[in-house]
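K.L.:
Provided herewith: data_6.pdb, PDB, C-alpha atoms.
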ATOM      1  CA  MET A   1      18.058  38.177  77.381
ATOM      2  CA  VAL A   2      17.416  36.185  74.259
ATOM      3  CA  GLN A   3      19.073  33.024  73.015
ATOM      4  CA  SER A   4      19.589  33.347  69.293
ATOM      5  CA  SER A   5      19.684  30.584  66.728
ATOM      6  CA  SER A   6      23.461  30.924  66.446
ATOM      7  CA  GLY A   7      23.852  30.377  70.170
ATOM      8  CA  SER A   8      24.987  33.893  70.929
ATOM      9  CA  ARG A   9      23.043  36.140  73.183
ATOM     10  CA  LEU A  10      22.162  39.707  72.499
ATOM     11  CA  LEU A  11      21.765  42.676  74.712
ATOM     12  CA  GLN A  12      20.119  45.847  73.641
ATOM     13  CA  THR A  13      18.976  48.914  75.454
ATOM     14  CA  SER A  14      16.612  50.355  72.888
ATOM     15  CA  PHE A  15      14.035  49.337  70.307
ATOM     16  CA  VAL A  16      11.726  46.389  70.423
ATOM     17  CA  ASP A  17      12.409  43.366  68.233
ATOM     18  CA  GLY A  18      13.244  44.525  64.744
ATOM     19  CA  PRO A  19      13.098  42.755  61.422
ATOM     20  CA  VAL A  20      15.758  40.154  60.781
ATOM     21  CA  PRO A  21      18.201  40.898  57.948
ATOM     22  CA  ALA A  22      17.619  39.002  54.746
ATOM     23  CA  SER A  23      20.975  37.283  55.166
ATOM     24  CA  GLY A  24      19.341  35.218  57.894
ATOM     25  CA  GLY A  25      20.526  33.592  61.045
ATOM     26  CA  ARG A  26      24.146  34.662  61.172
ATOM     27  CA  ARG A  27      23.172  37.292  63.635
ATOM     28  CA  ARG A  28      19.644  37.361  64.844
ATOM     29  CA  LEU A  29      18.941  40.795  66.114
ATOM     30  CA  ALA A  30      16.502  40.078  68.863
ATOM     31  CA  ARG A  31      16.918  42.312  71.857
ATOM     32  CA  TRP A  32      15.762  42.822  75.356
ATOM     33  CA  ARG A  33      14.893  45.996  77.082
ATOM     34  CA  GLN A  34      17.020  46.978  79.970
ATOM     35  CA  VAL A  35      14.689  46.925  82.953
ATOM     36  CA  GLY A  36      16.516  49.522  84.965
ATOM     37  CA  SER A  37      20.026  50.874  85.197
ATOM     38  CA  SER A  38      20.180  49.898  88.864
ATOM     39  CA  ALA A  39      20.727  46.277  87.840
ATOM     40  CA  VAL A  40      23.812  47.141  85.807
ATOM     41  CA  ARG A  41      27.086  47.543  87.663
ATOM     42  CA  SER A  42      29.506  50.148  86.361
ATOM     43  CA  ASP A  43      32.861  49.255  84.844
ATOM     44  CA  GLU A  44      34.558  50.977  87.788
ATOM     45  CA  GLU A  45      32.642  48.867  90.261
ATOM     46  CA  LEU A  46      33.454  45.661  88.375
ATOM     47  CA  THR A  47      37.121  46.622  88.106
ATOM     48  CA  GLY A  48      37.271  47.096  91.867
ATOM     49  CA  LEU A  49      35.721  43.674  92.425
ATOM     50  CA  LEU A  50      38.042  42.110  89.862
ATOM     51  CA  ARG A  51      41.034  43.346  91.874
ATOM     52  CA  HIS A  52      39.779  41.143  94.683
ATOM     53  CA  GLY A  53      39.441  38.171  92.370
ATOM     54  CA  ASP A  54      35.652  38.305  91.998
ATOM     55  CA  GLU A  55      34.703  35.755  89.344
ATOM     56  CA  ASP A  56      31.198  37.129  88.806
ATOM     57  CA  ALA A  57      32.634  40.554  88.089
ATOM     58  CA  PHE A  58      34.924  38.984  85.506
ATOM     59  CA  THR A  59      32.018  37.143  83.870
ATOM     60  CA  GLU A  60      30.024  40.352  83.716
ATOM     61  CA  LEU A  61      32.910  42.130  82.004
ATOM     62  CA  VAL A  62      33.271  39.217  79.584
ATOM     63  CA  ASP A  63      29.569  39.478  78.717
ATOM     64  CA  ARG A  64      29.932  43.187  78.214
ATOM     65  CA  TYR A  65      33.165  43.320  76.254
ATOM     66  CA  HIS A  66      34.315  39.998  74.863
ATOM     67  CA  LEU A  67      32.673  40.134  71.445
ATOM     68  CA  ARG A  68      33.465  43.810  71.146
ATOM     69  CA  ILE A  69      37.183  43.154  71.559
ATOM     70  CA  VAL A  70      36.968  40.128  69.244
ATOM     71  CA  GLY A  71      35.452  42.407  66.591
ATOM     72  CA  LEU A  72      38.067  45.066  67.149
ATOM     73  CA  ALA A  73      40.883  42.517  66.958
ATOM     74  CA  GLN A  74      39.399  41.028  63.811
ATOM     75  CA  SER A  75      39.488  44.389  62.077
ATOM     76  CA  VAL A  76      43.263  44.316  62.608
ATOM     77  CA  VAL A  77      44.188  40.660  62.126
ATOM     78  CA  GLY A  78      41.564  39.624  59.588
ATOM     79  CA  SER A  79      40.866  36.083  60.772
ATOM     80  CA  ARG A  80      38.182  35.395  63.358
ATOM     81  CA  GLU A  81      40.218  32.593  64.926
ATOM     82  CA  THR A  82      43.270  34.796  65.478
ATOM     83  CA  ALA A  83      40.981  37.550  66.757
ATOM     84  CA  GLU A  84      39.598  35.167  69.389
ATOM     85  CA  ASP A  85      43.156  34.302  70.491
ATOM     86  CA  VAL A  86      43.963  38.005  70.695
ATOM     87  CA  ALA A  87      40.850  38.584  72.816
ATOM     88  CA  GLN A  88      41.903  35.776  75.190
ATOM     89  CA  ASP A  89      45.397  37.271  75.490
ATOM     90  CA  THR A  90      43.769  40.613  76.208
ATOM     91  CA  TRP A  91      41.776  39.140  79.105
ATOM     92  CA  VAL A  92      44.923  37.513  80.506
ATOM     93  CA  ALA A  93      46.735  40.860  80.299
ATOM     94  CA  VAL A  94      43.796  42.556  82.009
ATOM     95  CA  LEU A  95      43.710  39.975  84.820
ATOM     96  CA  ARG A  96      47.449  40.283  85.358
ATOM     97  CA  GLY A  97      47.470  44.054  85.111
ATOM     98  CA  VAL A  98      44.298  45.005  86.942
ATOM     99  CA  ASN A  99      46.156  45.748  90.181
ATOM    100  CA  GLU A 100      48.463  48.170  88.399
ATOM    101  CA  PHE A 101      45.597  49.713  86.441
ATOM    102  CA  GLU A 102      45.232  53.083  88.100
ATOM    103  CA  GLY A 103      41.923  53.963  86.564
ATOM    104  CA  ARG A 104      43.307  57.157  85.059
ATOM    105  CA  SER A 105      41.653  56.146  81.816
ATOM    106  CA  ALA A 106      38.354  54.298  81.601
ATOM    107  CA  LEU A 107      38.525  50.500  81.785
ATOM    108  CA  ARG A 108      37.219  50.071  78.248
ATOM    109  CA  THR A 109      39.809  52.504  76.849
ATOM    110  CA  TRP A 110      42.503  50.411  78.511
ATOM    111  CA  LEU A 111      40.881  47.178  77.343
ATOM    112  CA  PHE A 112      40.633  48.379  73.739
ATOM    113  CA  ARG A 113      44.204  49.684  73.762
ATOM    114  CA  VAL A 114      45.586  46.381  75.070
ATOM    115  CA  CYS A 115      43.508  44.583  72.442
ATOM    116  CA  ILE A 116      44.673  46.775  69.543
ATOM    117  CA  ASN A 117      48.328  46.472  70.584
ATOM    118  CA  ARG A 118      48.118  42.698  70.848
ATOM    119  CA  ALA A 119      46.270  42.461  67.574
ATOM    120  CA  ARG A 120      48.949  44.517  65.868
ATOM    121  CA  SER A 121      51.670  42.255  67.260
ATOM    122  CA  ALA A 122      49.695  39.219  66.147
ATOM    123  CA  ALA A 123      49.333  40.693  62.682
ATOM    124  CA  GLY A 124      53.123  40.908  62.662
ATOM    125  CA  ARG A 125      53.190  44.336  61.150
ATOM    126  CA  GLU A 126      52.703  47.867  62.232
ATOM    127  CA  HIS A 127      49.284  48.841  60.989
ATOM    128  CA  ARG A 128      49.527  52.044  59.024
ATOM    129  CA  TYR A 129      46.898  54.561  59.877
ATOM    130  CA  VAL A 130      47.062  56.795  56.878
ATOM    131  CA  ALA A 131      43.890  58.567  55.971
ATOM    132  CA  GLY A 132      43.669  56.395  52.906
ATOM    133  CA  ASP A 133      42.722  57.519  49.456
ATOM    134  CA  THR A 134      42.710  61.295  49.669
ATOM    135  CA  ALA A 135      40.500  61.377  46.598
ATOM    136  CA  GLU A 136      37.769  59.526  48.495
ATOM    137  CA  ARG A 137      34.805  61.861  48.684
ATOM    138  CA  ALA A 138      31.982  62.000  51.179
ATOM    139  CA  VAL A 139      29.489  62.059  48.299
ATOM    140  CA  ASP A 140      29.823  60.760  44.757
ATOM    141  CA  PRO A 141      31.081  63.815  42.739
ATOM    142  CA  ARG A 142      28.510  63.035  40.030
ATOM    143  CA  ARG A 143      25.814  64.204  42.445
ATOM    144  CA  PHE A 144      27.075  67.790  42.038
ATOM    145  CA  ASP A 145      26.949  70.104  39.040
ATOM    146  CA  ALA A 146      29.909  72.046  37.624
ATOM    147  CA  SER A 147      29.459  74.828  40.190
ATOM    148  CA  GLY A 148      29.633  72.349  43.097
ATOM    149  CA  GLN A 149      25.911  72.576  43.973
ATOM    150  CA  TRP A 150      23.683  69.519  44.290
ATOM    151  CA  ALA A 151      22.663  68.555  40.759
ATOM    152  CA  SER A 152      19.251  67.342  41.908
ATOM    153  CA  PRO A 153      17.444  67.720  45.245
ATOM    154  CA  LEU A 154      18.649  65.371  47.966
ATOM    155  CA  ASP A 155      16.058  62.742  48.769
ATOM    156  CA  ASP A 156      15.326  63.509  52.394
ATOM    157  CA  TRP A 157      14.831  60.126  53.995
ATOM    158  CA  THR A 158      15.259  61.517  57.473
ATOM    159  CA  GLU A 159      11.539  62.263  57.634
ATOM    160  CA  ALA A 160      10.699  58.625  57.000
ATOM    161  CA  ILE A 161      12.930  57.698  59.914
ATOM    162  CA  ASP A 162      10.326  59.006  62.335
ATOM    163  CA  SER A 163       8.477  55.789  61.797
ATOM    164  CA  ARG A 164       9.707  53.224  64.301
ATOM    165  CA  MET A 165       9.779  50.617  61.576
ATOM    166  CA  VAL A 166      12.406  52.450  59.569
ATOM    167  CA  ALA A 167      14.428  53.313  62.664
ATOM    168  CA  ALA A 168      14.479  49.619  63.592
ATOM    169  CA  THR A 169      15.506  48.709  60.055
ATOM    170  CA  LEU A 170      18.464  51.072  60.247
ATOM    171  CA  ALA A 171      19.574  49.640  63.572
ATOM    172  CA  VAL A 172      19.426  46.155  62.086
ATOM    173  CA  HIS A 173      21.586  47.105  59.140
ATOM    174  CA  VAL A 174      24.066  49.288  60.957
ATOM    175  CA  ARG A 175      26.262  46.493  62.332
ATOM    176  CA  GLU A 176      26.679  44.790  59.006
ATOM    177  CA  ALA A 177      27.294  48.119  57.332
ATOM    178  CA  ILE A 178      30.021  48.923  59.863
ATOM    179  CA  GLU A 179      31.602  45.514  59.378
ATOM    180  CA  ASP A 180      31.829  46.196  55.664
ATOM    181  CA  LEU A 181      33.817  49.407  56.141
ATOM    182  CA  PRO A 182      37.537  49.385  55.294
ATOM    183  CA  ASP A 183      39.424  48.189  58.411
ATOM    184  CA  VAL A 184      40.795  51.428  59.793
ATOM    185  CA  GLN A 185      37.572  53.353  59.134
ATOM    186  CA  ARG A 186      35.707  50.557  60.871
ATOM    187  CA  GLN A 187      37.965  50.803  63.926
ATOM    188  CA  VAL A 188      37.503  54.548  64.208
ATOM    189  CA  VAL A 189      33.716  54.478  63.623
ATOM    190  CA  THR A 190      33.307  51.583  66.062
ATOM    191  CA  LEU A 191      35.289  53.266  68.823
ATOM    192  CA  ARG A 192      33.893  56.772  68.335
ATOM    193  CA  ASP A 193      30.255  56.171  67.334
ATOM    194  CA  VAL A 194      29.348  52.673  68.520
ATOM    195  CA  GLU A 195      31.395  52.647  71.731
ATOM    196  CA  GLY A 196      31.024  56.377  72.285
ATOM    197  CA  LEU A 197      34.667  57.024  73.178
ATOM    198  CA  SER A 198      35.792  60.664  72.964
ATOM    199  CA  SER A 199      37.986  61.543  69.991
ATOM    200  CA  ASP A 200      40.933  61.877  72.376
ATOM    201  CA  GLU A 201      40.318  58.353  73.645
ATOM    202  CA  VAL A 202      40.071  57.010  70.086
ATOM    203  CA  CYS A 203      43.423  58.626  69.275
ATOM    204  CA  GLU A 204      44.890  57.109  72.431
ATOM    205  CA  VAL A 205      43.605  53.598  71.692
ATOM    206  CA  LEU A 206      44.752  53.624  68.073
ATOM    207  CA  SER A 207      47.840  55.852  68.523
ATOM    208  CA  ILE A 208      46.785  58.192  65.735
ATOM    209  CA  SER A 209      46.665  61.962  65.412
ATOM    210  CA  ALA A 210      43.444  63.929  65.916
ATOM    211  CA  GLY A 211      43.496  65.039  62.283
ATOM    212  CA  ASN A 212      43.869  61.501  61.039
ATOM    213  CA  GLU A 213      41.107  60.301  63.343
ATOM    214  CA  ARG A 214      38.680  62.869  61.959
ATOM    215  CA  VAL A 215      39.479  62.066  58.333
ATOM    216  CA  LEU A 216      38.928  58.347  58.945
ATOM    217  CA  LEU A 217      35.745  59.060  60.884
ATOM    218  CA  HIS A 218      34.471  61.282  58.099
ATOM    219  CA  ARG A 219      35.133  58.654  55.433
ATOM    220  CA  GLY A 220      33.522  55.926  57.506
ATOM    221  CA  ARG A 221      30.423  57.915  58.431
ATOM    222  CA  SER A 222      30.023  59.115  54.854
ATOM    223  CA  ARG A 223      30.077  55.538  53.604
ATOM    224  CA  LEU A 224      27.483  54.499  56.177
ATOM    225  CA  ARG A 225      25.214  57.368  55.187
ATOM    226  CA  ALA A 226      25.513  56.432  51.518
ATOM    227  CA  LEU A 227      24.634  52.809  52.355
ATOM    228  CA  PHE A 228      21.574  53.860  54.338
ATOM    229  CA  GLU A 229      20.489  56.070  51.471
ATOM    230  CA  ILE A 230      20.626  53.129  49.092
ATOM    231  CA  GLN A 231      18.834  50.844  51.543
ATOM    232  CA  LEU A 232      16.058  53.270  52.334
ATOM    233  CA  ARG A 233      15.516  54.120  48.701
ATOM    234  CA  GLY A 234      15.530  50.455  47.764
ATOM    235  CA  GLY A 235      13.243  49.582  50.669
TER     236      GLY A 235
ATOM    237  CA  MET B   1      38.860  91.522  48.790
ATOM    238  CA  THR B   2      39.683  89.098  51.609
ATOM    239  CA  VAL B   3      36.394  89.899  53.274
ATOM    240  CA  ARG B   4      34.500  89.218  50.083
ATOM    241  CA  LEU B   5      36.222  85.854  49.657
ATOM    242  CA  LEU B   6      35.464  84.823  53.226
ATOM    243  CA  ASN B   7      31.871  85.861  52.877
ATOM    244  CA  ARG B   8      31.390  83.884  49.720
ATOM    245  CA  ASP B   9      29.032  81.009  50.216
ATOM    246  CA  LEU B  10      30.482  77.512  50.382
ATOM    247  CA  GLU B  11      29.807  75.154  47.540
ATOM    248  CA  CYS B  12      27.685  72.151  48.552
ATOM    249  CA  GLN B  13      30.501  69.827  47.542
ATOM    250  CA  GLN B  14      32.802  71.620  49.994
ATOM    251  CA  ALA B  15      30.158  71.727  52.705
ATOM    252  CA  VAL B  16      29.612  67.946  52.778
ATOM    253  CA  GLU B  17      33.347  67.475  53.398
ATOM    254  CA  LEU B  18      33.148  69.713  56.478
ATOM    255  CA  VAL B  19      30.260  67.911  58.168
ATOM    256  CA  THR B  20      32.372  65.706  60.454
ATOM    257  CA  ASP B  21      34.678  68.555  61.469
ATOM    258  CA  TYR B  22      31.542  70.585  62.211
ATOM    259  CA  LEU B  23      29.881  67.858  64.283
ATOM    260  CA  GLU B  24      33.151  67.111  66.097
ATOM    261  CA  GLY B  25      33.604  70.788  66.966
ATOM    262  CA  ALA B  26      36.848  70.961  64.996
ATOM    263  CA  LEU B  27      36.083  73.990  62.817
ATOM    264  CA  THR B  28      37.466  77.411  63.700
ATOM    265  CA  PRO B  29      34.766  79.921  64.732
ATOM    266  CA  ARG B  30      35.021  81.565  61.317
ATOM    267  CA  GLN B  31      34.757  78.255  59.437
ATOM    268  CA  ARG B  32      31.808  77.299  61.618
ATOM    269  CA  ARG B  33      29.936  80.507  60.876
ATOM    270  CA  ARG B  34      30.539  80.039  57.171
ATOM    271  CA  PHE B  35      29.325  76.432  57.321
ATOM    272  CA  GLU B  36      26.230  77.355  59.317
ATOM    273  CA  ARG B  37      25.417  80.164  56.924
ATOM    274  CA  HIS B  38      25.507  77.710  54.046
ATOM    275  CA  ILE B  39      23.350  75.199  55.937
ATOM    276  CA  ARG B  40      20.733  77.868  56.628
ATOM    277  CA  ARG B  41      20.508  78.720  52.951
ATOM    278  CA  CYS B  42      20.748  75.253  51.428
ATOM    279  CA  PRO B  43      17.909  72.749  52.079
ATOM    280  CA  ASN B  44      19.867  69.902  50.466
ATOM    281  CA  CYS B  45      22.901  70.328  52.687
ATOM    282  CA  ARG B  46      20.592  70.755  55.666
ATOM    283  CA  ALA B  47      19.035  67.394  54.804
ATOM    284  CA  TYR B  48      22.518  65.929  54.347
ATOM    285  CA  LEU B  49      23.625  67.116  57.788
ATOM    286  CA  GLU B  50      20.486  65.608  59.311
ATOM    287  CA  GLN B  51      21.205  62.297  57.557
ATOM    288  CA  MET B  52      24.716  62.279  59.005
ATOM    289  CA  ARG B  53      23.302  62.910  62.487
ATOM    290  CA  LEU B  54      20.893  60.006  62.060
ATOM    291  CA  THR B  55      23.667  57.772  60.752
ATOM    292  CA  ILE B  56      25.699  58.472  63.892
ATOM    293  CA  ALA B  57      22.650  57.848  66.088
ATOM    294  CA  ALA B  58      22.034  54.533  64.300
ATOM    295  CA  ALA B  59      25.666  53.493  64.906
ATOM    296  CA  ALA B  60      25.274  54.295  68.586
ATOM    297  CA  GLY B  61      22.179  52.069  68.694
ATOM    298  CA  ALA B  62      23.949  49.029  67.238
ATOM    299  CA  PRO B  63      23.033  46.033  69.391
ATOM    300  CA  ILE B  64      25.609  44.574  71.747
ATOM    301  CA  GLU B  65      26.139  40.868  71.346
ATOM    302  CA  LEU B  66      26.930  38.568  74.249
ATOM    303  CA  PRO B  67      29.314  35.616  73.949
ATOM    304  CA  ASP B  68      27.799  32.148  73.819
ATOM    305  CA  ALA B  69      27.849  29.925  76.898
ATOM    306  CA  GLU B  70      30.834  27.868  75.726
ATOM    307  CA  THR B  71      33.058  30.902  75.130
ATOM    308  CA  ARG B  72      32.011  32.286  78.479
ATOM    309  CA  ASP B  73      32.915  29.004  80.223
ATOM    310  CA  ASP B  74      36.295  28.915  78.470
ATOM    311  CA  LEU B  75      37.040  32.402  79.706
ATOM    312  CA  VAL B  76      35.987  31.529  83.251
ATOM    313  CA  GLN B  77      38.445  28.588  83.112
ATOM    314  CA  LEU B  78      41.079  31.021  81.903
ATOM    315  CA  PHE B  79      40.258  33.317  84.827
ATOM    316  CA  ARG B  80      40.726  30.457  87.307
ATOM    317  CA  ARG B  81      44.017  29.410  85.689
ATOM    318  CA  VAL B  82      45.426  32.936  85.835
ATOM    319  CA  ARG B  83      44.284  33.323  89.444
ATOM    320  CA  ARG B  84      45.915  30.011  90.371
ATOM    321  CA  ASP B  85      49.194  30.874  88.633
ATOM    322  CA  SER B  86      49.392  34.324  90.168
ATOM    323  CA  PRO B  87      47.114  34.499  93.208
ATOM    324  CA  ASP B  88      48.049  38.146  93.769
ATOM    325  CA  ALA B  89      46.622  39.110  90.419
TER     326      ALA B  89
END
As a first step, turn the structure in this file into structure tokens.
P.N.:
Amino acid sequence: MVQSSSGSRLLQTSFVDGPVPASGGRRRLARWRQVGSSAVRSDEELTGLLRHGDEDAFTELVDRYHLRIVGLAQSVVGSRETAEDVAQDTWVAVLRGVNEFEGRSALRTWLFRVCINRARSAAGREHRYVAGDTAERAVDPRRFDASGQWASPLDDWTEAIDSRMVAATLAVHVREAIEDLPDVQRQVVTLRDVEGLSSDEVCEVLSISAGNERVLLHRGRSRLRALFEIQLRGG
Amino acid sequence: MTVRLLNRDLECQQAVELVTDYLEGALTPRQRRRFERHIRRCPNCRAYLEQMRLTIAAAAGAPIELPDAETRDDLVQLFRRVRRDSPDA
């Protein structure tokens, strides 16, 4: 575990230390390698302990999820301060509800759903999950010719990615890139790709249809890809 | 006529819009075959699909940040307060 300059600690299961983004110390992306999975207790195990009032189990869950739910809340409410209040409320709801939590869904799905619902109440409005601008394209239309084929060959940066250096660079940039996505795209990409929830779980957490989820995911991923393309070309 | 239309190759601009549905397994078998046929023939769209796969892999590798000590302590205090107020919880 590494203490960063901003006082927050970071946990990472892959990559060695990567380069620090040019923007500096806001988020220093130092990481530690997970020594072995045996040291990590599962969410289910921690939930069971939490039912019996185990403080260490609670702390472990806080380490694991607190900043993730703050980030999720912030994508709904906008302000970091309100997002932190929402995250606190979420923990209170979890502590009060853990005995009734039947474990039919995964703990994190429950946690994220509670968080999203509280964030929406805090925002004082029902967040509308429309797919957004239907004219938004995965790729800038100017990249195609009149017949819809690529106008010029696509620069294939995926081969460069084999170098660990470039892979580490991508990992460094990915969080900031995700944070810059439009709010609802960011929520869907975070839940589906960063958190690794199934699409059904994402729909459940956000109360959106499967079709809507896929459109938002597509827009978000397409934007990320375009950003990486620019970064890797520029780099 | 219908068969000819279905067999017509996708345009690249259409193919890139189907990538997420393809990766999420949301295309019908016929749509999937048509998409895969295009990918086999088109090196640019093949590269594009690979870039999307890498983008998703990069998102999955985003580092997880831990709260600072002060936040953690605040939440532990919160835990104790909730436990005290409702010892059954």
K.L.:
Which value, in Å to one decimal, gives the distance between CA of Ile64 in chain B and CA of Val194 in chain A?
P.N.:
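Taking CA of Ile64 in chain B and CA of Val194 in chain A, their separation equals 9.5 Å.
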K.L.:
Evaluated on this file, the PyMOL selection byres ((chain B and resi 23-30) around 12) picks out some residues - which ones are they, written as a compact mmCIF listing (two decimals) with C-alpha atoms, in the coordinates of the input?
P.N.:
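Saved to out-v4.txt:
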# COMPACT_ATOMS: atom_id res chain seq x y z
CA ARG A 192 33.89 56.77 68.33
CA ASP A 193 30.26 56.17 67.33
CA SER A 198 35.79 60.66 72.96
CA SER A 199 37.99 61.54 69.99
CA ASP A 200 40.93 61.88 72.38
CA ALA A 210 43.44 63.93 65.92
CA GLY A 211 43.50 65.04 62.28
CA GLU A 213 41.11 60.30 63.34
CA ARG A 214 38.68 62.87 61.96
CA VAL A 215 39.48 62.07 58.33
CA LEU A 217 35.74 59.06 60.88
CA HIS A 218 34.47 61.28 58.10
CA ARG A 221 30.42 57.92 58.43
CA VAL B 3 36.39 89.90 53.27
CA LEU B 6 35.46 84.82 53.23
CA ASN B 7 31.87 85.86 52.88
CA ALA B 15 30.16 71.73 52.70
CA VAL B 16 29.61 67.95 52.78
CA GLU B 17 33.35 67.47 53.40
CA LEU B 18 33.15 69.71 56.48
CA VAL B 19 30.26 67.91 58.17
CA THR B 20 32.37 65.71 60.45
CA ASP B 21 34.68 68.56 61.47
CA TYR B 22 31.54 70.58 62.21
CA GLN B 31 34.76 78.26 59.44
CA ARG B 32 31.81 77.30 61.62
CA ARG B 33 29.94 80.51 60.88
CA ARG B 34 30.54 80.04 57.17
CA PHE B 35 29.32 76.43 57.32
CA GLU B 36 26.23 77.36 59.32
CA ARG B 37 25.42 80.16 56.92
CA LEU B 49 23.62 67.12 57.79
CA GLU B 50 20.49 65.61 59.31
CA MET B 52 24.72 62.28 59.00
CA ARG B 53 23.30 62.91 62.49
CA ILE B 56 25.70 58.47 63.89
K.L.:
Running the ChimeraX specification (/B :<7) & /A on this model by hand, what would come out? Give it as a PyMOL selection string.
P.N.:
chain A and resi 7-12+59+63-64+66-67+95-96+99+138+144+148-150+153-154+156+158+170-171+174-175+193-194+214+218+224-225
K.L.:
Separation of CA of Ala119 in chain A and CA of Val94 in chain A, in Å?
P.N.:
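A separation of 14.6 Å between them.
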K.L.:
What is the CA of His38 in chain B to CA of Arg219 in chain A distance in Å?
P.N.:
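A separation of 21.4 Å between them.
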K.L.:
Using the file's own x, y and z axes, what box holds all listed atoms of range 83-91 of chain A with 8 Å on each side, keeping edges along x, y and z, and what are its centre and edge lengths in Å to one decimal, as JSON?
P.N.:
{"center_x": 42.5, "center_y": 37.5, "center_z": 72.9, "size_x": 21.8, "size_y": 22.3, "size_z": 28.3}
K.L.:
For a cut-off of 12 Å around (37.5, 51.3, 75.7), file coordinates, pick out all residues using all atoms listed in the file and list them as an MDAnalysis selection string.
P.N.:
chainID A and resid 43 64:66 68:69 72 105:116 187:188 190:192 194:206
K.L.:
Once you've located range 13-68 of chain B in the structure I gave, write it as a compact mmCIF listing (two decimals), in the first residue's frame, keeping C-alpha atoms.
P.N.:
# COMPACT_ATOMS: atom_id res chain seq x y z
CA GLN B 13 -19.47 3.48 -40.69
CA GLN B 14 -22.29 1.06 -39.85
CA ALA B 15 -19.91 -1.56 -38.50
CA VAL B 16 -18.33 0.75 -35.90
CA GLU B 17 -21.80 1.45 -34.49
CA LEU B 18 -22.38 -2.28 -33.96
CA VAL B 19 -19.18 -2.96 -32.02
CA THR B 20 -20.69 -2.68 -28.53
CA ASP B 21 -23.74 -4.76 -29.43
CA TYR B 22 -21.34 -7.34 -30.87
CA LEU B 23 -19.07 -7.41 -27.81
CA GLU B 24 -22.08 -7.49 -25.47
CA GLY B 25 -23.58 -10.43 -27.36
CA ALA B 26 -26.65 -8.39 -28.29
CA LEU B 27 -26.67 -8.99 -32.05
CA THR B 28 -28.99 -11.56 -33.60
CA PRO B 29 -27.15 -14.56 -35.11
CA ARG B 30 -27.71 -13.12 -38.58
CA GLN B 31 -26.44 -9.66 -37.61
CA ARG B 32 -23.44 -11.26 -35.94
CA ARG B 33 -22.51 -13.26 -39.02
CA ARG B 34 -22.80 -10.15 -41.16
CA PHE B 35 -20.63 -8.16 -38.74
CA GLU B 36 -18.01 -10.90 -38.53
CA ARG B 37 -17.91 -11.21 -42.30
CA HIS B 38 -17.18 -7.50 -42.56
CA ILE B 39 -14.49 -7.70 -39.86
CA ARG B 40 -12.76 -10.54 -41.70
CA ARG B 41 -12.62 -8.50 -44.89
CA CYS B 42 -11.81 -5.08 -43.48
CA PRO B 43 -8.42 -4.54 -41.76
CA ASN B 44 -9.43 -1.07 -40.55
CA CYS B 45 -12.55 -2.26 -38.78
CA ARG B 46 -10.59 -5.21 -37.42
CA ALA B 47 -8.12 -2.73 -35.93
CA TYR B 48 -11.03 -0.65 -34.62
CA LEU B 49 -12.58 -3.66 -32.88
CA GLU B 50 -9.21 -4.47 -31.31
CA GLN B 51 -8.89 -0.87 -30.08
CA MET B 52 -12.32 -1.11 -28.46
CA ARG B 53 -11.30 -4.35 -26.73
CA LEU B 54 -8.15 -2.68 -25.41
CA THR B 55 -10.13 0.36 -24.27
CA ILE B 56 -12.41 -1.91 -22.24
CA ALA B 57 -9.41 -3.76 -20.80
CA ALA B 58 -7.81 -0.44 -19.83
CA ALA B 59 -11.03 0.63 -18.05
CA ALA B 60 -11.04 -2.64 -16.13
CA GLY B 61 -7.46 -1.95 -15.03
CA ALA B 62 -8.24 1.50 -13.61
CA PRO B 63 -6.62 1.71 -10.18
CA ILE B 64 -8.78 1.55 -7.08
CA GLU B 65 -8.24 4.39 -4.67
CA LEU B 66 -8.48 3.99 -0.91
CA PRO B 67 -9.92 6.69 1.35
CA ASP B 68 -7.49 8.72 3.43
